[in-house]
file target.pdb (PDB, C-alpha atoms, pLDDT in the B column)
ATOM      1  CA  MET A   1      12.996 -18.105  16.072  1.00 73.00           C
ATOM      2  CA  LEU A   2      11.932 -14.922  14.230  1.00 76.00           C
ATOM      3  CA  THR A   3      15.484 -14.128  13.134  1.00 74.00           C
ATOM      4  CA  ARG A   4      16.347 -17.619  11.870  1.00 83.00           C
ATOM      5  CA  ARG A   5      17.334 -17.394   8.230  1.00 86.00           C
ATOM      6  CA  PRO A   6      14.586 -19.627   6.760  1.00 89.00           C
ATOM      7  CA  VAL A   7      11.984 -17.499   8.574  1.00 88.00           C
ATOM      8  CA  LEU A   8      13.655 -14.313   7.343  1.00 90.00           C
ATOM      9  CA  HIS A   9      13.672 -15.609   3.761  1.00 91.00           C
ATOM     10  CA  ALA A  10       9.953 -16.403   3.962  1.00 93.00           C
ATOM     11  CA  LEU A  11       9.199 -12.974   5.444  1.00 92.00           C
ATOM     12  CA  VAL A  12      11.220 -11.223   2.757  1.00 94.00           C
ATOM     13  CA  GLY A  13       9.376 -13.142   0.040  1.00 94.00           C
ATOM     14  CA  ALA A  14       5.971 -12.280   1.476  1.00 94.00           C
ATOM     15  CA  LEU A  15       6.891  -8.618   1.942  1.00 94.00           C
ATOM     16  CA  VAL A  16       8.251  -8.310  -1.594  1.00 95.00           C
ATOM     17  CA  VAL A  17       4.862  -9.445  -2.930  1.00 94.00           C
ATOM     18  CA  VAL A  18       2.812  -7.195  -0.618  1.00 93.00           C
ATOM     19  CA  VAL A  19       4.983  -4.111  -1.065  1.00 93.00           C
ATOM     20  CA  GLY A  20       5.233  -4.709  -4.814  1.00 93.00           C
ATOM     21  CA  LEU A  21       1.436  -4.755  -5.099  1.00 92.00           C
ATOM     22  CA  CYS A  22       1.176  -1.525  -3.115  1.00 91.00           C
ATOM     23  CA  VAL A  23       3.765   0.238  -5.263  1.00 92.00           C
ATOM     24  CA  VAL A  24       2.029  -0.915  -8.450  1.00 92.00           C
ATOM     25  CA  ASP A  25      -1.347   0.175  -7.008  1.00 90.00           C
ATOM     26  CA  SER A  26       0.042   3.621  -6.254  1.00 91.00           C
ATOM     27  CA  THR A  27       1.101   4.204  -9.862  1.00 93.00           C
ATOM     28  CA  VAL A  28      -2.545   4.111 -10.983  1.00 92.00           C
ATOM     29  CA  TRP A  29      -2.746   7.784  -9.969  1.00 92.00           C
ATOM     30  CA  LEU A  30      -0.065   8.969 -12.378  1.00 95.00           C
ATOM     31  CA  ARG A  31      -1.269  11.441 -15.037  1.00 95.00           C
ATOM     32  CA  ARG A  32      -4.897  11.045 -13.939  1.00 96.00           C
ATOM     33  CA  PRO A  33      -7.285  13.686 -12.676  1.00 98.00           C
ATOM     34  CA  PHE A  34      -7.760  13.715  -8.910  1.00 95.00           C
ATOM     35  CA  MET A  35      -9.622  15.728  -6.286  1.00 97.00           C
ATOM     36  CA  GLY A  36      -6.667  17.827  -5.114  1.00 97.00           C
ATOM     37  CA  PHE A  37      -6.782  16.132  -1.706  1.00 97.00           C
ATOM     38  CA  TRP A  38      -6.721  12.567  -0.359  1.00 95.00           C
ATOM     39  CA  LEU A  39      -9.446  10.593   1.360  1.00 94.00           C
ATOM     40  CA  GLY A  40      -9.071   7.513   3.519  1.00 89.00           C
ATOM     41  CA  HIS A  41     -11.402   4.540   3.079  1.00 88.00           C
ATOM     42  CA  ASN A  42     -13.657   6.061   5.773  1.00 92.00           C
ATOM     43  CA  ARG A  43     -14.095   9.316   3.780  1.00 95.00           C
ATOM     44  CA  ILE A  44     -11.880  11.256   6.199  1.00 95.00           C
ATOM     45  CA  VAL A  45      -9.634  13.880   4.558  1.00 97.00           C
ATOM     46  CA  ALA A  46      -6.046  12.732   5.018  1.00 93.00           C
ATOM     47  CA  PRO A  47      -3.730  15.359   6.525  1.00 93.00           C
ATOM     48  CA  ILE A  48      -1.246  15.177   3.661  1.00 91.00           C
ATOM     49  CA  GLY A  49      -0.765  17.073   0.454  1.00 91.00           C
ATOM     50  CA  LEU A  50       1.328  19.582  -1.373  1.00 94.00           C
ATOM     51  CA  ALA A  51       0.914  23.358  -1.093  1.00 94.00           C
ATOM     52  CA  GLU A  52       0.054  23.755  -4.772  1.00 96.00           C
ATOM     53  CA  TRP A  53      -2.758  21.201  -4.705  1.00 97.00           C
ATOM     54  CA  THR A  54      -6.183  22.649  -5.360  1.00 98.00           C
ATOM     55  CA  GLY A  55      -7.631  21.075  -2.215  1.00 97.00           C
ATOM     56  CA  PHE A  56      -4.973  22.677  -0.052  1.00 95.00           C
ATOM     57  CA  ARG A  57      -5.524  26.062  -1.710  1.00 96.00           C
ATOM     58  CA  ALA A  58      -9.317  25.722  -1.281  1.00 97.00           C
ATOM     59  CA  ASP A  59      -8.823  25.085   2.462  1.00 96.00           C
ATOM     60  CA  VAL A  60     -10.290  21.575   2.471  1.00 97.00           C
ATOM     61  CA  PRO A  61     -10.469  20.723   6.186  1.00 97.00           C
ATOM     62  CA  PHE A  62      -8.001  17.983   7.151  1.00 96.00           C
ATOM     63  CA  GLY A  63      -9.631  15.351   9.360  1.00 95.00           C
ATOM     64  CA  ALA A  64     -13.148  16.207   8.199  1.00 97.00           C
ATOM     65  CA  GLU A  65     -15.523  13.585   6.822  1.00 98.00           C
ATOM     66  CA  LEU A  66     -16.614  13.988   3.207  1.00 98.00           C
ATOM     67  CA  THR A  67     -20.395  13.753   3.142  1.00 98.00           C
ATOM     68  CA  ASP A  68     -21.408  14.749  -0.373  1.00 97.00           C
ATOM     69  CA  VAL A  69     -20.149  15.755  -3.798  1.00 98.00           C
ATOM     70  CA  ASP A  70     -22.167  18.227  -5.860  1.00 97.00           C
ATOM     71  CA  GLY A  71     -25.061  17.640  -3.470  1.00 95.00           C
ATOM     72  CA  GLN A  72     -25.036  13.835  -3.834  1.00 96.00           C
ATOM     73  CA  PRO A  73     -24.175  11.660  -0.796  1.00 97.00           C
ATOM     74  CA  VAL A  74     -20.864   9.788  -0.923  1.00 96.00           C
ATOM     75  CA  THR A  75     -20.552   6.298   0.518  1.00 92.00           C
ATOM     76  CA  ASP A  76     -17.801   4.721  -1.596  1.00 92.00           C
ATOM     77  CA  VAL A  77     -14.428   6.448  -1.941  1.00 93.00           C
ATOM     78  CA  ALA A  78     -13.252   4.186  -4.790  1.00 92.00           C
ATOM     79  CA  ALA A  79     -16.378   5.041  -6.825  1.00 94.00           C
ATOM     80  CA  LEU A  80     -15.775   8.754  -6.216  1.00 96.00           C
ATOM     81  CA  VAL A  81     -12.134   8.431  -7.298  1.00 95.00           C
ATOM     82  CA  GLU A  82     -13.241   6.715 -10.522  1.00 95.00           C
ATOM     83  CA  ARG A  83     -15.818   9.447 -11.126  1.00 96.00           C
ATOM     84  CA  ILE A  84     -13.124  12.121 -10.732  1.00 97.00           C
ATOM     85  CA  TRP A  85     -10.838  10.203 -13.109  1.00 96.00           C
ATOM     86  CA  ASP A  86     -13.503  10.812 -15.765  1.00 97.00           C
ATOM     87  CA  THR A  87     -13.586  14.546 -15.019  1.00 97.00           C
ATOM     88  CA  ARG A  88     -11.511  17.053 -16.956  1.00 98.00           C
ATOM     89  CA  PRO A  89      -8.794  18.863 -14.934  1.00 98.00           C
ATOM     90  CA  GLY A  90      -9.894  22.382 -14.056  1.00 98.00           C
ATOM     91  CA  THR A  91     -13.524  21.370 -13.556  1.00 98.00           C
ATOM     92  CA  PRO A  92     -14.841  22.780 -10.249  1.00 98.00           C
ATOM     93  CA  VAL A  93     -16.477  20.216  -7.923  1.00 98.00           C
ATOM     94  CA  ARG A  94     -18.460  21.127  -4.794  1.00 98.00           C
ATOM     95  CA  TYR A  95     -17.624  19.017  -1.723  1.00 98.00           C
ATOM     96  CA  GLY A  96     -19.521  18.932   1.581  1.00 98.00           C
ATOM     97  CA  PHE A  97     -17.666  18.047   4.794  1.00 98.00           C
ATOM     98  CA  ALA A  98     -18.722  17.285   8.344  1.00 97.00           C
ATOM     99  CA  THR A  99     -16.368  19.012  10.786  1.00 96.00           C
ATOM    100  CA  ALA A 100     -16.371  19.531  14.556  1.00 94.00           C
ATOM    101  CA  ASP A 101     -17.791  23.021  13.868  1.00 94.00           C
ATOM    102  CA  GLY A 102     -20.573  21.740  11.611  1.00 96.00           C
ATOM    103  CA  ARG A 103     -20.986  21.294   7.876  1.00 97.00           C
ATOM    104  CA  VAL A 104     -18.700  23.195   5.510  1.00 97.00           C
ATOM    105  CA  GLU A 105     -18.606  23.321   1.739  1.00 98.00           C
ATOM    106  CA  ARG A 106     -15.604  23.820  -0.510  1.00 98.00           C
ATOM    107  CA  THR A 107     -15.385  24.096  -4.267  1.00 98.00           C
ATOM    108  CA  VAL A 108     -12.199  22.464  -5.513  1.00 98.00           C
ATOM    109  CA  SER A 109     -11.003  22.242  -9.103  1.00 98.00           C
ATOM    110  CA  VAL A 110      -9.988  18.809 -10.317  1.00 98.00           C
ATOM    111  CA  MET A 111      -6.283  18.632 -11.037  1.00 98.00           C
ATOM    112  CA  ARG A 112      -3.923  16.161 -12.675  1.00 98.00           C
ATOM    113  CA  PHE A 113      -1.689  13.992 -10.445  1.00 97.00           C
ATOM    114  CA  THR A 114       1.776  14.361 -11.962  1.00 97.00           C
ATOM    115  CA  LEU A 115       5.037  12.469 -11.654  1.00 97.00           C
ATOM    116  CA  ARG A 116       6.293  15.371  -9.526  1.00 96.00           C
ATOM    117  CA  ASP A 117       3.333  14.873  -7.149  1.00 96.00           C
ATOM    118  CA  TYR A 118       4.037  11.137  -7.036  1.00 95.00           C
ATOM    119  CA  LEU A 119       7.728  11.550  -6.247  1.00 95.00           C
ATOM    120  CA  SER A 120       7.145  14.361  -3.745  1.00 94.00           C
ATOM    121  CA  LEU A 121       4.591  12.358  -1.787  1.00 91.00           C
ATOM    122  CA  PHE A 122       4.927   8.648  -2.464  1.00 93.00           C
ATOM    123  CA  GLY A 123       8.656   8.749  -3.222  1.00 94.00           C
ATOM    124  CA  ILE A 124       9.383   9.702   0.375  1.00 93.00           C
ATOM    125  CA  TRP A 125       7.278   6.811   1.667  1.00 94.00           C
ATOM    126  CA  ILE A 126       8.907   4.349  -0.730  1.00 96.00           C
ATOM    127  CA  VAL A 127      12.454   5.385   0.175  1.00 97.00           C
ATOM    128  CA  ASN A 128      11.899   5.585   3.934  1.00 97.00           C
ATOM    129  CA  GLY A 129       9.723   2.469   4.118  1.00 96.00           C
ATOM    130  CA  GLY A 130      12.240   0.535   2.050  1.00 97.00           C
ATOM    131  CA  LEU A 131      15.105   1.715   4.255  1.00 98.00           C
ATOM    132  CA  PHE A 132      13.280   0.598   7.388  1.00 97.00           C
ATOM    133  CA  LEU A 133      12.695  -2.862   5.910  1.00 97.00           C
ATOM    134  CA  VAL A 134      16.274  -3.244   4.681  1.00 97.00           C
ATOM    135  CA  LEU A 135      17.695  -2.112   8.014  1.00 97.00           C
ATOM    136  CA  GLY A 136      15.487  -4.479  10.016  1.00 96.00           C
ATOM    137  CA  PHE A 137      16.303  -7.476   7.862  1.00 95.00           C
ATOM    138  CA  LEU A 138      19.993  -6.602   7.699  1.00 95.00           C
ATOM    139  CA  VAL A 139      20.324  -6.544  11.492  1.00 95.00           C
ATOM    140  CA  ALA A 140      18.304  -9.764  11.854  1.00 94.00           C
ATOM    141  CA  TYR A 141      20.374 -11.492   9.173  1.00 92.00           C
ATOM    142  CA  VAL A 142      23.755 -10.379  10.535  1.00 93.00           C
ATOM    143  CA  LYS A 143      22.891 -11.112  14.185  1.00 91.00           C
ATOM    144  CA  PRO A 144      20.385 -14.013  14.107  1.00 90.00           C
ATOM    145  CA  GLY A 145      19.006 -15.501  17.301  1.00 87.00           C
ATOM    146  CA  ARG A 146      19.431 -12.411  19.455  1.00 91.00           C
ATOM    147  CA  PRO A 147      16.420 -10.823  21.145  1.00 93.00           C
ATOM    148  CA  VAL A 148      17.601  -7.339  20.181  1.00 94.00           C
ATOM    149  CA  SER A 149      17.712  -8.426  16.520  1.00 93.00           C
ATOM    150  CA  ALA A 150      14.124  -9.663  16.728  1.00 93.00           C
ATOM    151  CA  ALA A 151      13.052  -6.401  18.389  1.00 95.00           C
ATOM    152  CA  MET A 152      14.796  -4.365  15.696  1.00 96.00           C
ATOM    153  CA  LEU A 153      13.173  -6.476  12.977  1.00 95.00           C
ATOM    154  CA  VAL A 154       9.680  -6.023  14.416  1.00 94.00           C
ATOM    155  CA  PHE A 155      10.222  -2.277  14.875  1.00 96.00           C
ATOM    156  CA  CYS A 156      11.574  -1.775  11.353  1.00 97.00           C
ATOM    157  CA  VAL A 157       8.964  -3.982   9.654  1.00 95.00           C
ATOM    158  CA  ALA A 158       6.162  -2.180  11.508  1.00 95.00           C
ATOM    159  CA  TRP A 159       7.380   1.267  10.443  1.00 96.00           C
ATOM    160  CA  GLY A 160       8.355   0.178   6.943  1.00 96.00           C
ATOM    161  CA  LEU A 161       4.981  -1.438   6.321  1.00 94.00           C
ATOM    162  CA  THR A 162       3.118   1.534   7.772  1.00 93.00           C
ATOM    163  CA  MET A 163       4.727   3.725   5.118  1.00 93.00           C
ATOM    164  CA  LEU A 164       4.626   1.282   2.215  1.00 94.00           C
ATOM    165  CA  LEU A 165       1.093  -0.010   2.758  1.00 92.00           C
ATOM    166  CA  SER A 166      -0.071   3.615   2.770  1.00 89.00           C
ATOM    167  CA  LEU A 167       0.666   3.675  -0.960  1.00 89.00           C
ATOM    168  CA  ALA A 168      -2.480   1.618  -1.596  1.00 85.00           C
ATOM    169  CA  ASP A 169      -4.582   3.464   0.961  1.00 80.00           C
ATOM    170  CA  PHE A 170      -6.314   6.022  -1.244  1.00 80.00           C
ATOM    171  CA  TYR A 171      -8.069   3.891  -3.836  1.00 76.00           C
ATOM    172  CA  SER A 172      -7.691   0.103  -3.710  1.00 76.00           C
ATOM    173  CA  PHE A 173      -7.394  -0.104   0.079  1.00 76.00           C
ATOM    174  CA  HIS A 174      -5.547  -3.424  -0.140  1.00 79.00           C
ATOM    175  CA  PHE A 175      -4.109  -4.857   3.041  1.00 83.00           C
ATOM    176  CA  ARG A 176      -6.168  -2.662   5.434  1.00 79.00           C
ATOM    177  CA  SER A 177      -5.904  -5.251   8.231  1.00 83.00           C
ATOM    178  CA  LEU A 178      -2.157  -5.629   7.791  1.00 84.00           C
ATOM    179  CA  TYR A 179      -1.822  -1.837   7.756  1.00 82.00           C
ATOM    180  CA  ALA A 180      -3.755  -1.603  11.052  1.00 83.00           C
ATOM    181  CA  ILE A 181      -1.488  -4.202  12.665  1.00 87.00           C
ATOM    182  CA  ALA A 182       1.683  -2.498  11.399  1.00 87.00           C
ATOM    183  CA  GLN A 183       0.468   0.893  12.543  1.00 84.00           C
ATOM    184  CA  ALA A 184      -0.450  -0.470  15.984  1.00 86.00           C
ATOM    185  CA  ALA A 185       2.977  -2.090  16.341  1.00 86.00           C
ATOM    186  CA  ALA A 186       4.790   1.060  15.203  1.00 79.00           C
TER
END
call {"tool": "encode", "arguments": {"input": "target.pdb", "output": "structure tokens"}}
result
Amino acid sequence: MLTRRPVLHALVGALVVVVGLCVVDSTVWLRRPFMGFWLGHNRIVAPIGLAEWTGFRADVPFGAELTDVDGQPVTDVAALVERIWDTRPGTPVRYGFATADGRVERTVSVMRFTLRDYLSLFGIWIVNGGLFLVLGFLVAYVKPGRPVSAAMLVFCVAWGLTMLLSLADFYSFHFRSLYAIAQAAA
């Protein structure tokens, strides 16, 4: 049933819309100031980044929870991102984190998110996520009705969506429930 062509066409259409929105959402970062590290919707520092990022150089603790910025409590990541967008690159910002070893503070200069940053980080997710989706749908389309084709489709869609939905996971947080399902299936 899952690999029947009308079902595949509907799935492709839905995924084009969802993935397209995530890719467009991710471009909002281009040429804007940012913290020098990424936060998830739960204020946890994401364990990703580039060596030249100011957060990486300031030893921001991956996996720690951001508690405050310049002494003010933080509850909304999107509001913090927007605040940083209004901050000039090079401006030092003091961040407080809750870690397993207690509270730590780091001062991190705001930096600009460049096209190089985008391609180095998000480009990999776009290429790999897109390849997973194409491969899954290709197998299902060429060999419809076979259980192994359905298994391959589910596997590839789960991994492809995990990567591609991550593009919108640092500001807009669209499709959080779908991301959780894809990540659980992957």
call {"tool": "resolve_selection", "arguments": {"input": "target.pdb", "expression": "the PyMOL selection byres ((chain A and resi 164) around 7)", "output": "MDAnalysis selection string"}}
result
chainID A and resid 19 22 125:126 129 160:163 165:167
call {"tool": "closest_residue", "arguments": {"input": "target.pdb", "among": "A:Ala150, A:Gly36, A:Ala185, A:Ser177", "to": "Arg4 of chain A", "atoms": "only C-alpha atoms"}}
result
A:Ala150
call {"tool": "resolve_selection", "arguments": {"input": "target.pdb", "expression": "the PyMOL selection byres ((chain A and resi 60) around 9)", "output": "PyMOL selection string"}}
result
chain A and resi 37+45+54-59+61-62+64+95+97+105-108
call {"tool": "residues_around", "arguments": {"input": "target.pdb", "residues": "Phe155 of chain A", "least_positions_apart": "5", "cutoff": "12 Å", "atoms": "only C-alpha atoms", "output": "MDAnalysis selection string"}}
result
chainID A and resid 129 132:137 139:140 148:150 160:162 182:186
call {"tool": "closest_residue", "arguments": {"input": "target.pdb", "among": "A:Ala10, A:Met1, A:Leu50, A:Ala98", "to": "Leu119 of chain A", "atoms": "all atoms listed in the file"}}
result
A:Leu50
call {"tool": "atom_distance", "arguments": {"input": "target.pdb", "atom1": "atom CA of Asn128 of chain A", "atom2": "atom CA of Arg146 of chain A"}}
result
24.9 Å
call {"tool": "closest_residue", "arguments": {"input": "target.pdb", "among": "A:Val142, A:Val157, A:Ala51, A:Leu115", "to": "Thr27 of chain A", "atoms": "all atoms listed in the file"}}
result
A:Leu115
call {"tool": "residues_around", "arguments": {"input": "target.pdb", "residues": "Phe34 of chain A", "least_positions_apart": "5", "cutoff": "9 Å", "atoms": "all atoms listed in the file", "output": "tab-separated table (two decimals) with C-alpha atoms, in the coordinates of the input"}}
result
chain	number	residue	atom	x	y	z
A	29	TRP	CA	-2.75	7.78	-9.97
A	81	VAL	CA	-12.13	8.43	-7.30
A	84	ILE	CA	-13.12	12.12	-10.73
A	85	TRP	CA	-10.84	10.20	-13.11
A	87	THR	CA	-13.59	14.55	-15.02
A	89	PRO	CA	-8.79	18.86	-14.93
A	110	VAL	CA	-9.99	18.81	-10.32
A	111	MET	CA	-6.28	18.63	-11.04
A	112	ARG	CA	-3.92	16.16	-12.68
A	113	PHE	CA	-1.69	13.99	-10.44
call {"tool": "build_atoms", "arguments": {"input": "target.pdb", "residues": "segment 146-160 of chain A", "atoms": "N, CA, C and O atoms", "output": "PDB file, in the coordinates of the input"}}
result
ATOM      1  N   ARG A 146      19.320 -13.335  18.320  1.00 91.00           N
ATOM      2  CA  ARG A 146      19.431 -12.411  19.455  1.00 91.00           C
ATOM      3  C   ARG A 146      18.109 -11.664  19.646  1.00 91.00           C
ATOM      4  O   ARG A 146      17.504 -11.204  18.674  1.00 91.00           O
ATOM      5  N   PRO A 147      17.685 -11.535  20.893  1.00 93.00           N
ATOM      6  CA  PRO A 147      16.420 -10.823  21.145  1.00 93.00           C
ATOM      7  C   PRO A 147      16.411  -9.396  20.590  1.00 93.00           C
ATOM      8  O   PRO A 147      15.400  -8.925  20.081  1.00 93.00           O
ATOM      9  N   VAL A 148      17.547  -8.704  20.690  1.00 94.00           N
ATOM     10  CA  VAL A 148      17.601  -7.339  20.181  1.00 94.00           C
ATOM     11  C   VAL A 148      17.434  -7.314  18.652  1.00 94.00           C
ATOM     12  O   VAL A 148      16.864  -6.374  18.098  1.00 94.00           O
ATOM     13  N   SER A 149      17.894  -8.345  17.978  1.00 93.00           N
ATOM     14  CA  SER A 149      17.712  -8.426  16.520  1.00 93.00           C
ATOM     15  C   SER A 149      16.238  -8.612  16.175  1.00 93.00           C
ATOM     16  O   SER A 149      15.727  -8.004  15.226  1.00 93.00           O
ATOM     17  N   ALA A 150      15.561  -9.456  16.950  1.00 93.00           N
ATOM     18  CA  ALA A 150      14.124  -9.663  16.728  1.00 93.00           C
ATOM     19  C   ALA A 150      13.351  -8.374  17.006  1.00 93.00           C
ATOM     20  O   ALA A 150      12.445  -8.015  16.247  1.00 93.00           O
ATOM     21  N   ALA A 151      13.727  -7.661  18.068  1.00 95.00           N
ATOM     22  CA  ALA A 151      13.052  -6.401  18.389  1.00 95.00           C
ATOM     23  C   ALA A 151      13.263  -5.376  17.273  1.00 95.00           C
ATOM     24  O   ALA A 151      12.331  -4.673  16.872  1.00 95.00           O
ATOM     25  N   MET A 152      14.492  -5.296  16.783  1.00 96.00           N
ATOM     26  CA  MET A 152      14.796  -4.365  15.696  1.00 96.00           C
ATOM     27  C   MET A 152      14.017  -4.738  14.437  1.00 96.00           C
ATOM     28  O   MET A 152      13.491  -3.855  13.743  1.00 96.00           O
ATOM     29  N   LEU A 153      13.920  -6.022  14.150  1.00 95.00           N
ATOM     30  CA  LEU A 153      13.173  -6.476  12.977  1.00 95.00           C
ATOM     31  C   LEU A 153      11.697  -6.087  13.094  1.00 95.00           C
ATOM     32  O   LEU A 153      11.116  -5.536  12.149  1.00 95.00           O
ATOM     33  N   VAL A 154      11.099  -6.358  14.229  1.00 94.00           N
ATOM     34  CA  VAL A 154       9.680  -6.023  14.416  1.00 94.00           C
ATOM     35  C   VAL A 154       9.465  -4.521  14.291  1.00 94.00           C
ATOM     36  O   VAL A 154       8.538  -4.067  13.610  1.00 94.00           O
ATOM     37  N   PHE A 155      10.325  -3.738  14.943  1.00 96.00           N
ATOM     38  CA  PHE A 155      10.222  -2.277  14.875  1.00 96.00           C
ATOM     39  C   PHE A 155      10.316  -1.785  13.427  1.00 96.00           C
ATOM     40  O   PHE A 155       9.480  -1.012  12.956  1.00 96.00           O
ATOM     41  N   CYS A 156      11.335  -2.248  12.724  1.00 97.00           N
ATOM     42  CA  CYS A 156      11.574  -1.775  11.353  1.00 97.00           C
ATOM     43  C   CYS A 156      10.497  -2.254  10.381  1.00 97.00           C
ATOM     44  O   CYS A 156      10.082  -1.492   9.496  1.00 97.00           O
ATOM     45  N   VAL A 157      10.036  -3.485  10.530  1.00 95.00           N
ATOM     46  CA  VAL A 157       8.964  -3.982   9.654  1.00 95.00           C
ATOM     47  C   VAL A 157       7.678  -3.206   9.917  1.00 95.00           C
ATOM     48  O   VAL A 157       6.959  -2.842   8.979  1.00 95.00           O
ATOM     49  N   ALA A 158       7.380  -2.934  11.190  1.00 95.00           N
ATOM     50  CA  ALA A 158       6.162  -2.180  11.508  1.00 95.00           C
ATOM     51  C   ALA A 158       6.193  -0.794  10.863  1.00 95.00           C
ATOM     52  O   ALA A 158       5.229  -0.384  10.205  1.00 95.00           O
ATOM     53  N   TRP A 159       7.293  -0.069  11.020  1.00 96.00           N
ATOM     54  CA  TRP A 159       7.380   1.267  10.443  1.00 96.00           C
ATOM     55  C   TRP A 159       7.469   1.223   8.916  1.00 96.00           C
ATOM     56  O   TRP A 159       6.837   2.034   8.225  1.00 96.00           O
ATOM     57  N   GLY A 160       8.249   0.289   8.395  1.00 96.00           N
ATOM     58  CA  GLY A 160       8.355   0.178   6.943  1.00 96.00           C
ATOM     59  C   GLY A 160       7.019  -0.136   6.293  1.00 96.00           C
ATOM     60  O   GLY A 160       6.632   0.476   5.296  1.00 96.00           O
TER      61      GLY A 160
END
